[in-house]
>>> print(open('start-v8.pdb').read())   # PDB, C-alpha atoms
ATOM      1  CA  MET H 703      -1.683   6.582   5.931
ATOM      2  CA  ARG H 704       0.600   9.600   5.974
ATOM      3  CA  ASN H 705       3.407   9.961   8.466
ATOM      4  CA  ARG H 706       5.836  12.578   9.741
ATOM      5  CA  ILE H 707       8.890  10.347  10.072
ATOM      6  CA  GLN H 708      11.011  12.239   7.555
ATOM      7  CA  GLU H 709      10.009  15.592   9.057
ATOM      8  CA  LEU H 710      10.798  14.481  12.625
ATOM      9  CA  ARG H 711      14.035  12.826  11.537
ATOM     10  CA  LYS H 712      15.250  15.939   9.724
ATOM     11  CA  GLU H 713      14.269  18.183  12.630
ATOM     12  CA  ARG H 714      16.525  16.107  14.845
ATOM     13  CA  LYS H 715      19.247  15.811  12.172
ATOM     14  CA  ILE H 716      19.220  12.031  12.285
ATOM     15  CA  ARG H 717      20.399   9.885   9.388
ATOM     16  CA  GLN H 718      18.131   7.141   8.015
ATOM     17  CA  GLU H 719      20.782   4.540   8.940
ATOM     18  CA  ASP H 720      20.831   5.691  12.554
ATOM     19  CA  LEU H 721      17.047   5.698  12.851
ATOM     20  CA  ALA H 722      16.891   2.252  11.249
ATOM     21  CA  GLU H 723      19.479   0.881  13.671
ATOM     22  CA  ALA H 724      17.715   2.434  16.662
ATOM     23  CA  VAL H 725      14.374   0.802  15.856
ATOM     24  CA  GLY H 726      15.829  -2.472  14.535
ATOM     25  CA  VAL H 727      14.873  -2.336  10.864
ATOM     26  CA  THR H 728      16.731  -1.879   7.583
ATOM     27  CA  ARG H 729      17.347   1.519   6.009
ATOM     28  CA  GLN H 730      15.130   0.445   3.103
ATOM     29  CA  THR H 731      12.203   0.094   5.508
ATOM     30  CA  ILE H 732      12.718   3.656   6.736
ATOM     31  CA  ILE H 733      12.866   4.870   3.113
ATOM     32  CA  SER H 734       9.629   3.005   2.284
ATOM     33  CA  LEU H 735       7.936   4.414   5.386
ATOM     34  CA  GLU H 736       9.002   7.955   4.542
ATOM     35  CA  ASN H 737       7.787   7.558   0.960
ATOM     36  CA  GLY H 738       4.449   6.217   2.167
ATOM     37  CA  LYS H 739       4.969   2.906   0.355
ATOM     38  CA  TYR H 740       4.804   0.852   3.520
ATOM     39  CA  ASN H 741       2.750   1.132   6.705
ATOM     40  CA  ALA H 742       4.540   0.291   9.941
ATOM     41  CA  SER H 743       3.313  -2.459  12.240
ATOM     42  CA  LEU H 744       2.007  -1.499  15.656
ATOM     43  CA  VAL H 745       5.281  -2.647  17.237
ATOM     44  CA  LEU H 746       7.389  -0.525  14.902
ATOM     45  CA  ALA H 747       5.033   2.426  15.362
ATOM     46  CA  HIS H 748       5.576   2.148  19.125
ATOM     47  CA  LYS H 749       9.342   1.973  18.700
ATOM     48  CA  LEU H 750       9.315   5.063  16.470
ATOM     49  CA  ALA H 751       7.086   6.952  18.891
ATOM     50  CA  ARG H 752       9.399   6.064  21.766
ATOM     51  CA  TYR H 753      12.462   7.059  19.725
ATOM     52  CA  PHE H 754      11.003  10.465  18.833
ATOM     53  CA  SER H 755       9.522  10.876  22.346
ATOM     54  CA  CYS H 756       6.014  11.485  21.085
ATOM     55  CA  THR H 757       2.778   9.604  20.582
ATOM     56  CA  ILE H 758       1.918   7.351  17.648
ATOM     57  CA  GLU H 759      -0.766   9.849  16.602
ATOM     58  CA  ASP H 760       1.919  12.545  16.381
ATOM     59  CA  ILE H 761       3.802  10.475  13.816
ATOM     60  CA  PHE H 762       1.100   8.638  11.890
ATOM     61  CA  LEU H 763      -1.724  10.744  10.530
ATOM     62  CA  PHE H 764      -4.873   8.770   9.924
ATOM     63  CA  ASP H 765      -6.920   9.998   7.009
ATOM     64  CA  GLU H 766     -10.656   9.449   7.578
ATOM     65  CA  GLU H 767     -11.178   8.790   3.855
ATOM     66  CA  GLU H 768      -8.858   5.784   4.080
TER      67      GLU H 768
ATOM     68  CA  MET G1335       4.055 -23.506  20.179
ATOM     69  CA  LYS G1336       6.189 -24.450  17.169
ATOM     70  CA  LEU G1337       3.376 -23.431  14.853
ATOM     71  CA  LYS G1338       3.049 -20.141  16.640
ATOM     72  CA  ALA G1339       6.764 -19.473  16.297
ATOM     73  CA  LEU G1340       6.513 -20.159  12.567
ATOM     74  CA  PHE G1341       3.629 -17.879  11.779
ATOM     75  CA  MET G1342       3.469 -15.171  14.406
ATOM     76  CA  GLU G1343       5.652 -12.164  15.019
ATOM     77  CA  GLU G1344       7.610 -13.856  17.767
ATOM     78  CA  PRO G1345      10.961 -12.440  18.919
ATOM     79  CA  VAL G1346      13.682 -14.373  17.133
ATOM     80  CA  ASP G1347      16.682 -15.905  18.902
ATOM     81  CA  PHE G1348      18.958 -15.405  15.929
ATOM     82  CA  GLU G1349      22.004 -17.166  17.381
ATOM     83  CA  LYS G1350      19.872 -20.244  18.010
ATOM     84  CA  ARG G1351      18.616 -20.012  14.429
ATOM     85  CA  CYS G1352      22.223 -19.878  13.152
ATOM     86  CA  ARG G1353      23.188 -22.918  15.211
ATOM     87  CA  LEU G1354      20.152 -24.792  13.874
ATOM     88  CA  ARG G1355      21.148 -23.842  10.310
ATOM     89  CA  ILE G1356      24.660 -25.177  10.938
ATOM     90  CA  LEU G1357      23.146 -28.478  12.045
ATOM     91  CA  VAL G1358      20.844 -28.569   9.006
ATOM     92  CA  GLY G1359      23.811 -27.701   6.745
ATOM     93  CA  LYS G1360      25.884 -30.536   8.181
ATOM     94  CA  THR G1361      22.957 -32.958   7.765
ATOM     95  CA  ALA G1362      22.485 -31.835   4.146
ATOM     96  CA  ALA G1363      26.208 -32.342   3.467
ATOM     97  CA  VAL G1364      26.099 -35.850   4.925
ATOM     98  CA  LEU G1365      22.954 -36.706   2.927
ATOM     99  CA  GLY G1366      24.664 -35.360  -0.191
ATOM    100  CA  LEU G1367      27.689 -37.532   0.473
ATOM    101  CA  LEU G1368      25.405 -40.556   0.942
ATOM    102  CA  SER G1369      23.637 -39.740  -2.316
ATOM    103  CA  VAL G1370      26.934 -39.552  -4.226
ATOM    104  CA  ALA G1371      28.164 -42.757  -2.571
ATOM    105  CA  ALA G1372      24.895 -44.578  -3.368
ATOM    106  CA  ALA G1373      24.986 -43.371  -6.981
ATOM    107  CA  TRP G1374      28.567 -44.623  -7.384
ATOM    108  CA  PHE G1375      27.882 -47.885  -5.568
ATOM    109  CA  TYR G1376      24.742 -48.745  -7.525
ATOM    110  CA  GLY G1377      26.252 -47.388 -10.708
ATOM    111  CA  ASN G1378      29.125 -49.840 -10.452
ATOM    112  CA  SER G1379      27.132 -52.773  -9.038
ATOM    113  CA  GLY G1380      25.112 -53.223 -12.182
ATOM    114  CA  ALA G1381      21.792 -52.674 -10.390
ATOM    115  CA  VAL G1382      21.074 -49.686 -12.608
ATOM    116  CA  ALA G1383      23.291 -50.779 -15.422
ATOM    117  CA  GLY G1384      23.006 -48.665 -18.512
ATOM    118  CA  ASP G1385      20.954 -46.028 -16.739
ATOM    119  CA  SER G1386      23.566 -43.316 -16.552
ATOM    120  CA  PHE G1387      20.849 -40.692 -16.115
ATOM    121  CA  ILE G1388      19.870 -42.019 -12.665
ATOM    122  CA  ARG G1389      23.532 -42.272 -11.625
ATOM    123  CA  GLU G1390      24.377 -38.761 -12.795
ATOM    124  CA  PHE G1391      21.155 -37.346 -11.402
ATOM    125  CA  TYR G1392      21.858 -38.589  -7.861
ATOM    126  CA  THR G1393      25.532 -37.682  -8.124
ATOM    127  CA  TRP G1394      24.736 -34.074  -9.015
ATOM    128  CA  ILE G1395      21.923 -33.885  -6.451
ATOM    129  CA  GLY G1396      24.427 -35.095  -3.847
ATOM    130  CA  ILE G1397      27.071 -32.599  -4.955
ATOM    131  CA  GLY G1398      24.444 -29.845  -4.747
ATOM    132  CA  PHE G1399      23.472 -30.885  -1.220
ATOM    133  CA  MET G1400      27.101 -31.026  -0.105
ATOM    134  CA  ALA G1401      27.901 -27.615  -1.604
ATOM    135  CA  GLY G1402      24.729 -26.020  -0.181
ATOM    136  CA  GLY G1403      25.271 -27.583   3.228
ATOM    137  CA  ALA G1404      28.921 -26.530   3.372
ATOM    138  CA  ALA G1405      28.015 -22.974   2.316
ATOM    139  CA  SER G1406      25.333 -22.785   4.994
ATOM    140  CA  VAL G1407      27.728 -24.059   7.681
ATOM    141  CA  TRP G1408      30.460 -21.596   6.615
ATOM    142  CA  LYS G1409      28.056 -18.622   6.451
ATOM    143  CA  ASN G1410      26.383 -19.272   9.811
ATOM    144  CA  ARG G1411      29.669 -19.979  11.574
ATOM    145  CA  ARG G1412      30.904 -16.624  10.298
ATOM    146  CA  TYR G1413      27.832 -14.907  11.777
ATOM    147  CA  LEU G1414      28.429 -16.560  15.140
ATOM    148  CA  LYS G1415      32.071 -15.450  15.171
ATOM    149  CA  ASP G1416      31.550 -11.894  13.871
ATOM    150  CA  GLU G1417      29.212  -9.821  16.073
ATOM    151  CA  ALA G1418      28.780  -7.053  13.470
ATOM    152  CA  ALA G1419      27.886  -9.532  10.694
ATOM    153  CA  LEU G1420      25.453 -11.292  13.040
ATOM    154  CA  LYS G1421      23.723  -8.029  13.925
ATOM    155  CA  LYS G1422      23.490  -6.963  10.271
ATOM    156  CA  ARG G1423      22.060 -10.316   9.219
ATOM    157  CA  ARG G1424      19.613 -10.357  12.138
ATOM    158  CA  VAL G1425      18.226  -6.953  11.138
ATOM    159  CA  GLU G1426      17.938  -8.043   7.487
ATOM    160  CA  GLU G1427      16.116 -11.266   8.334
ATOM    161  CA  CYS G1428      13.915  -9.941  11.126
ATOM    162  CA  ASP G1429      13.019  -6.661   9.413
ATOM    163  CA  GLU G1430       9.221  -6.562   9.259
ATOM    164  CA  ARG G1431       9.095  -5.212   5.700
ATOM    165  CA  ASN G1432      11.463  -7.935   4.452
ATOM    166  CA  ARG G1433       9.352 -10.573   6.174
ATOM    167  CA  LEU G1434       6.166  -9.168   4.646
ATOM    168  CA  LEU G1435       7.822  -9.089   1.207
ATOM    169  CA  GLY G1436       8.830 -12.718   1.642
ATOM    170  CA  LEU G1437       5.355 -13.796   2.727
ATOM    171  CA  ARG G1438       3.656 -11.925  -0.112
ATOM    172  CA  SER G1439       6.112 -13.270  -2.676
ATOM    173  CA  TRP G1440       5.333 -16.804  -1.526
ATOM    174  CA  ALA G1441       1.599 -16.080  -1.598
ATOM    175  CA  TYR G1442       1.642 -14.587  -5.119
ATOM    176  CA  SER G1443       3.886 -17.345  -6.470
ATOM    177  CA  GLY G1444       1.456 -19.836  -4.869
ATOM    178  CA  TYR G1445      -1.524 -18.255  -6.662
ATOM    179  CA  ALA G1446       0.409 -18.166  -9.945
ATOM    180  CA  MET G1447       1.512 -21.789  -9.552
ATOM    181  CA  PHE G1448      -2.056 -22.894  -8.846
ATOM    182  CA  LEU G1449      -3.246 -21.150 -12.005
ATOM    183  CA  LEU G1450      -0.394 -22.615 -14.077
ATOM    184  CA  LEU G1451      -1.106 -26.094 -12.751
ATOM    185  CA  TYR G1452      -4.784 -25.706 -13.584
ATOM    186  CA  LEU G1453      -4.011 -24.554 -17.133
ATOM    187  CA  GLY G1454      -1.527 -27.413 -17.512
ATOM    188  CA  PHE G1455      -4.130 -29.840 -16.201
ATOM    189  CA  LEU G1456      -6.694 -28.621 -18.748
ATOM    190  CA  ALA G1457      -4.245 -28.707 -21.648
ATOM    191  CA  SER G1458      -2.580 -32.021 -20.774
ATOM    192  CA  GLY G1459      -5.836 -33.937 -21.180
ATOM    193  CA  PHE G1460      -5.469 -33.520 -24.939
ATOM    194  CA  PHE G1461      -1.974 -35.032 -25.024
ATOM    195  CA  ASP G1462      -1.213 -37.372 -22.160
ATOM    196  CA  ARG G1463      -3.561 -38.787 -19.578
ATOM    197  CA  THR G1464      -0.741 -39.706 -17.153
ATOM    198  CA  VAL G1465       0.488 -36.120 -17.073
ATOM    199  CA  MET G1466      -3.101 -34.981 -16.519
ATOM    200  CA  TYR G1467      -3.465 -37.317 -13.502
ATOM    201  CA  VAL G1468      -0.131 -36.169 -12.063
ATOM    202  CA  LEU G1469      -1.111 -32.514 -12.431
ATOM    203  CA  ALA G1470      -4.527 -33.241 -10.896
ATOM    204  CA  ALA G1471      -2.790 -34.888  -7.923
ATOM    205  CA  VAL G1472      -0.432 -31.915  -7.508
ATOM    206  CA  LEU G1473      -3.403 -29.515  -7.724
ATOM    207  CA  ALA G1474      -5.274 -31.524  -5.085
ATOM    208  CA  ALA G1475      -2.180 -31.589  -2.855
ATOM    209  CA  GLN G1476      -1.758 -27.831  -3.125
ATOM    210  CA  ALA G1477      -5.438 -27.228  -2.385
ATOM    211  CA  GLY G1478      -5.194 -29.601   0.592
ATOM    212  CA  LEU G1479      -2.101 -27.843   1.938
ATOM    213  CA  LEU G1480      -3.820 -24.494   1.502
ATOM    214  CA  LEU G1481      -6.726 -25.721   3.605
ATOM    215  CA  VAL G1482      -4.423 -27.188   6.283
ATOM    216  CA  PHE G1483      -2.452 -23.943   6.604
ATOM    217  CA  ARG G1484      -5.631 -21.898   6.617
ATOM    218  CA  LEU G1485      -6.953 -23.950   9.555
ATOM    219  CA  ALA G1486      -3.581 -23.918  11.352
ATOM    220  CA  LEU G1487      -3.244 -20.148  10.994
ATOM    221  CA  GLY G1488      -6.829 -19.682  12.131
ATOM    222  CA  ARG G1489      -5.915 -21.412  15.386
ATOM    223  CA  VAL G1490      -2.912 -19.258  16.194
ATOM    224  CA  MET G1491      -4.164 -15.892  14.964
TER     225      MET G1491
END
>>> encode(input="start-v8.pdb", output="structure tokens")
Amino acid sequence: MRNRIQELRKERKIRQEDLAEAVGVTRQTIISLENGKYNASLVLAHKLARYFSCTIEDIFLFDEEE
Amino acid sequence: MKLKALFMEEPVDFEKRCRLRILVGKTAAVLGLLSVAAAWFYGNSGAVAGDSFIREFYTWIGIGFMAGGAASVWKNRRYLKDEAALKKRRVEECDERNRLLGLRSWAYSGYAMFLLLYLGFLASGFFDRTVMYVLAAVLAAQAGLLLVFRLALGRVM
């Protein structure tokens, strides 16, 4: 599943450390999410959506072929 | 409830966890001390005369327990005193990716161990029947535990 975390984070000029602290995960988790190596849980997806003030669908792009 | 807390994504009271670890650390240190004391006592009483292996084994096990327990107490007390260290450690331990990595590592090492035990079981029959029986018992225990955890998880998930 692709996501727009890096794009949204850079738009808002937020550091990975700050995003990680805001949603209660490690910086490595944010890096893995941005690189598409790890898929967030529903709870983390909600936290990210709330942090970026958008919906989960705006951040996580579901590919039908998946 | 306890089972649920173990396996599910429950919110973690990290300070409570630290206090519990301090208690466990202290218990381990006391058990270690008892182990060393018992090794010295029995070593000098003649009950295990000539068996220096047993004496040294329990002495070093005891020293290991004491060192591990003391380290755990020191580390967790530090977390409880230092708010920043506590927060950092909480994030590291409760991070969902770290938890998933831990669970998968245990799962893969469990599969690998099962395979190794099975290979050892097959090979040991050629050399030593006692070893073969021990490995068979360990294999059966692991399979039994797997079934128990499968059923337990099925109830809470």
>>> residues_near_point(input="start-v8.pdb", point="(14.9, 3.8, 11.9)", cutoff="12 Å", atoms="only C-alpha atoms", output="PyMOL selection string")
(chain H and resi 707-708+710-711+716-736+742+746-754) or (chain G and resi 1425+1429)
>>> write_last_selection(input="start-v8.pdb", atoms="C-alpha atoms", output="JSON list (two decimals), keeping the file's coordinate frame")
[["chain", "number", "residue", "atom", "x", "y", "z"],
["H", 707, "ILE", "CA", 8.89, 10.35, 10.07],
["H", 708, "GLN", "CA", 11.01, 12.24, 7.56],
["H", 710, "LEU", "CA", 10.80, 14.48, 12.62],
["H", 711, "ARG", "CA", 14.04, 12.83, 11.54],
["H", 716, "ILE", "CA", 19.22, 12.03, 12.28],
["H", 717, "ARG", "CA", 20.40, 9.88, 9.39],
["H", 718, "GLN", "CA", 18.13, 7.14, 8.02],
["H", 719, "GLU", "CA", 20.78, 4.54, 8.94],
["H", 720, "ASP", "CA", 20.83, 5.69, 12.55],
["H", 721, "LEU", "CA", 17.05, 5.70, 12.85],
["H", 722, "ALA", "CA", 16.89, 2.25, 11.25],
["H", 723, "GLU", "CA", 19.48, 0.88, 13.67],
["H", 724, "ALA", "CA", 17.72, 2.43, 16.66],
["H", 725, "VAL", "CA", 14.37, 0.80, 15.86],
["H", 726, "GLY", "CA", 15.83, -2.47, 14.54],
["H", 727, "VAL", "CA", 14.87, -2.34, 10.86],
["H", 728, "THR", "CA", 16.73, -1.88, 7.58],
["H", 729, "ARG", "CA", 17.35, 1.52, 6.01],
["H", 730, "GLN", "CA", 15.13, 0.44, 3.10],
["H", 731, "THR", "CA", 12.20, 0.09, 5.51],
["H", 732, "ILE", "CA", 12.72, 3.66, 6.74],
["H", 733, "ILE", "CA", 12.87, 4.87, 3.11],
["H", 734, "SER", "CA", 9.63, 3.00, 2.28],
["H", 735, "LEU", "CA", 7.94, 4.41, 5.39],
["H", 736, "GLU", "CA", 9.00, 7.96, 4.54],
["H", 742, "ALA", "CA", 4.54, 0.29, 9.94],
["H", 746, "LEU", "CA", 7.39, -0.52, 14.90],
["H", 747, "ALA", "CA", 5.03, 2.43, 15.36],
["H", 748, "HIS", "CA", 5.58, 2.15, 19.12],
["H", 749, "LYS", "CA", 9.34, 1.97, 18.70],
["H", 750, "LEU", "CA", 9.32, 5.06, 16.47],
["H", 751, "ALA", "CA", 7.09, 6.95, 18.89],
["H", 752, "ARG", "CA", 9.40, 6.06, 21.77],
["H", 753, "TYR", "CA", 12.46, 7.06, 19.73],
["H", 754, "PHE", "CA", 11.00, 10.46, 18.83],
["G", 1425, "VAL", "CA", 18.23, -6.95, 11.14],
["G", 1429, "ASP", "CA", 13.02, -6.66, 9.41]]
>>> atom_distance(input="start-v8.pdb", atom1="CA of Gly1398 (chain G)", atom2="CA of Asn1378 (chain G)")
21.3 Å
>>> resolve_selection(input="start-v8.pdb", expression="the PyMOL selection byres ((chain G and resi 1452) around 12)", output="MDAnalysis selection string")
chainID G and resid 1445:1451 1453:1459 1466:1474 1476:1477
>>> atom_distance(input="start-v8.pdb", atom1="CA of Glu766 (chain H)", atom2="CA of Arg704 (chain H)")
11.4 Å
>>> interface_residues(input="start-v8.pdb", of="chain G", to="chain H", cutoff="12 Å", atoms="only C-alpha atoms", output="ChimeraX atom specification")
/G:1343-1345,1421-1435
>>> write_last_selection(input="start-v8.pdb", atoms="C-alpha atoms", output="mmCIF file, in the frame of the given file")
data_model
loop_
_atom_site.group_PDB
_atom_site.id
_atom_site.type_symbol
_atom_site.label_atom_id
_atom_site.label_comp_id
_atom_site.auth_asym_id
_atom_site.auth_seq_id
_atom_site.Cartn_x
_atom_site.Cartn_y
_atom_site.Cartn_z
ATOM 1 C CA GLU G 1343 5.652 -12.164 15.019
ATOM 2 C CA GLU G 1344 7.610 -13.856 17.767
ATOM 3 C CA PRO G 1345 10.961 -12.440 18.919
ATOM 4 C CA LYS G 1421 23.723 -8.029 13.925
ATOM 5 C CA LYS G 1422 23.490 -6.963 10.271
ATOM 6 C CA ARG G 1423 22.060 -10.316 9.219
ATOM 7 C CA ARG G 1424 19.613 -10.357 12.138
ATOM 8 C CA VAL G 1425 18.226 -6.953 11.138
ATOM 9 C CA GLU G 1426 17.938 -8.043 7.487
ATOM 10 C CA GLU G 1427 16.116 -11.266 8.334
ATOM 11 C CA CYS G 1428 13.915 -9.941 11.126
ATOM 12 C CA ASP G 1429 13.019 -6.661 9.413
ATOM 13 C CA GLU G 1430 9.221 -6.562 9.259
ATOM 14 C CA ARG G 1431 9.095 -5.212 5.700
ATOM 15 C CA ASN G 1432 11.463 -7.935 4.452
ATOM 16 C CA ARG G 1433 9.352 -10.573 6.174
ATOM 17 C CA LEU G 1434 6.166 -9.168 4.646
ATOM 18 C CA LEU G 1435 7.822 -9.089 1.207
#
